[in-house]
Every structure is written in structure tokens, then in C-alpha cells.
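Novice: Okay, handing you the structure first.
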Amino acid sequence: MPKLFATLLGRNPNNQLFEEHRLVHVVAENETAAKTLAKEKWPVENVHVDSVQELTNVDDYQIRLEKSDSQYTTRSSH
């Protein structure tokens with residue numbers, strides 16, 4: 001059964017003294033697949049996964065995934 005994951009990606013651009021980060025949400029069967037899918041959504045060099053968390057509840061609301069016919073995807077404004 002597909003699950004919703006929040007995945008924090010990081011990278012060190014040009015060996016700088018800082019990291020760039022991006023929070024990516026993906027639907028996957030498990031944590032391993034979520035990591036792979038998240039990295040595909042941020043196709044840059046030297047990307048790594050800092051953390052991954054399955055999202056099941058937020059502020060007393062249960063999250064349920066339902067397959068959509070829409071091909072619409074949201075994009076980050078960053």
C-alpha cells in the first residue's frame with residue numbers, strides 16, 4: 001500500500017562550507033523507495049538523504065492516500 005513520506009535532501013554545492021536542503025514529499029511503498037524517488041525529484045550532483053519520515057497524522061488529522069486521475073503536480077516556489 002502506498003504511503004506518504006517527507007524526505008529531507010541535502011547537498012554540498014562545489015564543496016562550500018554550507019549545505020543546501022530541500023524538503024520533498026513522495027508517495028512510495030517503503031522508505032527505501034521513498035529515498036530513491038525523492039532524489040529523482042531533485043536531480044543535482046552530490047545529493048544525499050538527511051532524513052525520511054512517513055506521514056500518517058498531522059494535528060489530529062489522519063492522512064489517507066487516494067489515487068487521483070489528475071496528472072497535476074505541485075512545484076516548490078524556491
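In the C-alpha cells, the first chain shown is A, the next is B, and so on; residue numbers restart at 1 for each chain, and ligands run from 1 in the order shown.
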In stretch 4-72 of chain A, what's alpha helix (DSSP H) per DSSP? Answer as an mmCIF file with C-alpha atoms, in the first residue's frame?
Specialist:
data_model
loop_
_atom_site.group_PDB
_atom_site.id
_atom_site.type_symbol
_atom_site.label_atom_id
_atom_site.label_comp_id
_atom_site.auth_asym_id
_atom_site.auth_seq_id
_atom_site.Cartn_x
_atom_site.Cartn_y
_atom_site.Cartn_z
ATOM 1 C CA GLU A 31 11.313 4.111 2.998
ATOM 2 C CA THR A 32 13.936 2.795 0.584
ATOM 3 C CA ALA A 33 11.762 3.572 -2.437
ATOM 4 C CA ALA A 34 10.915 6.989 -0.955
ATOM 5 C CA LYS A 35 14.604 7.904 -0.777
ATOM 6 C CA THR A 36 15.144 6.953 -4.408
ATOM 7 C CA LEU A 37 12.073 8.836 -5.639
ATOM 8 C CA ALA A 38 12.953 11.939 -3.623
ATOM 9 C CA LYS A 39 16.453 12.107 -5.106
ATOM 10 C CA GLU A 40 14.940 11.807 -8.595
ATOM 11 C CA LYS A 41 12.840 14.915 -7.862
#
Novice: Extract, using only C-alpha atoms, all DNA, RNA and protein residues at most 6 Å from stretch 14-28 of chain A, discarding same-chain residues fewer than 4 positions from it, and format them as a PyMOL selection string.
Specialist: chain A and resi 2-10+33-34+38
Novice: DSSP says strand (DSSP E) for which residues of stretch 11-73 of chain A? Put them as a list in words?
Specialist: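 The strand (DSSP E) residues within stretch 11-73 of chain A come out as Arg11, Glu20, His21, Arg22, Leu23, Val24, His25, Val26, Val27, Ala28, His48, Val49, Asp50, Ser51, Val52, Gln53, Glu54, Leu55, Asn57, Val58, Tyr61 and Gln62 of chain A.
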Novice: Quick check, in Å to one decimal: how far apart do atom CA of A:Asn30 and atom CA of A:Thr56 lie?
Specialist: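 Spanning atom CA of A:Asn30 to atom CA of A:Thr56 is a straight-line distance of 13.2 Å.
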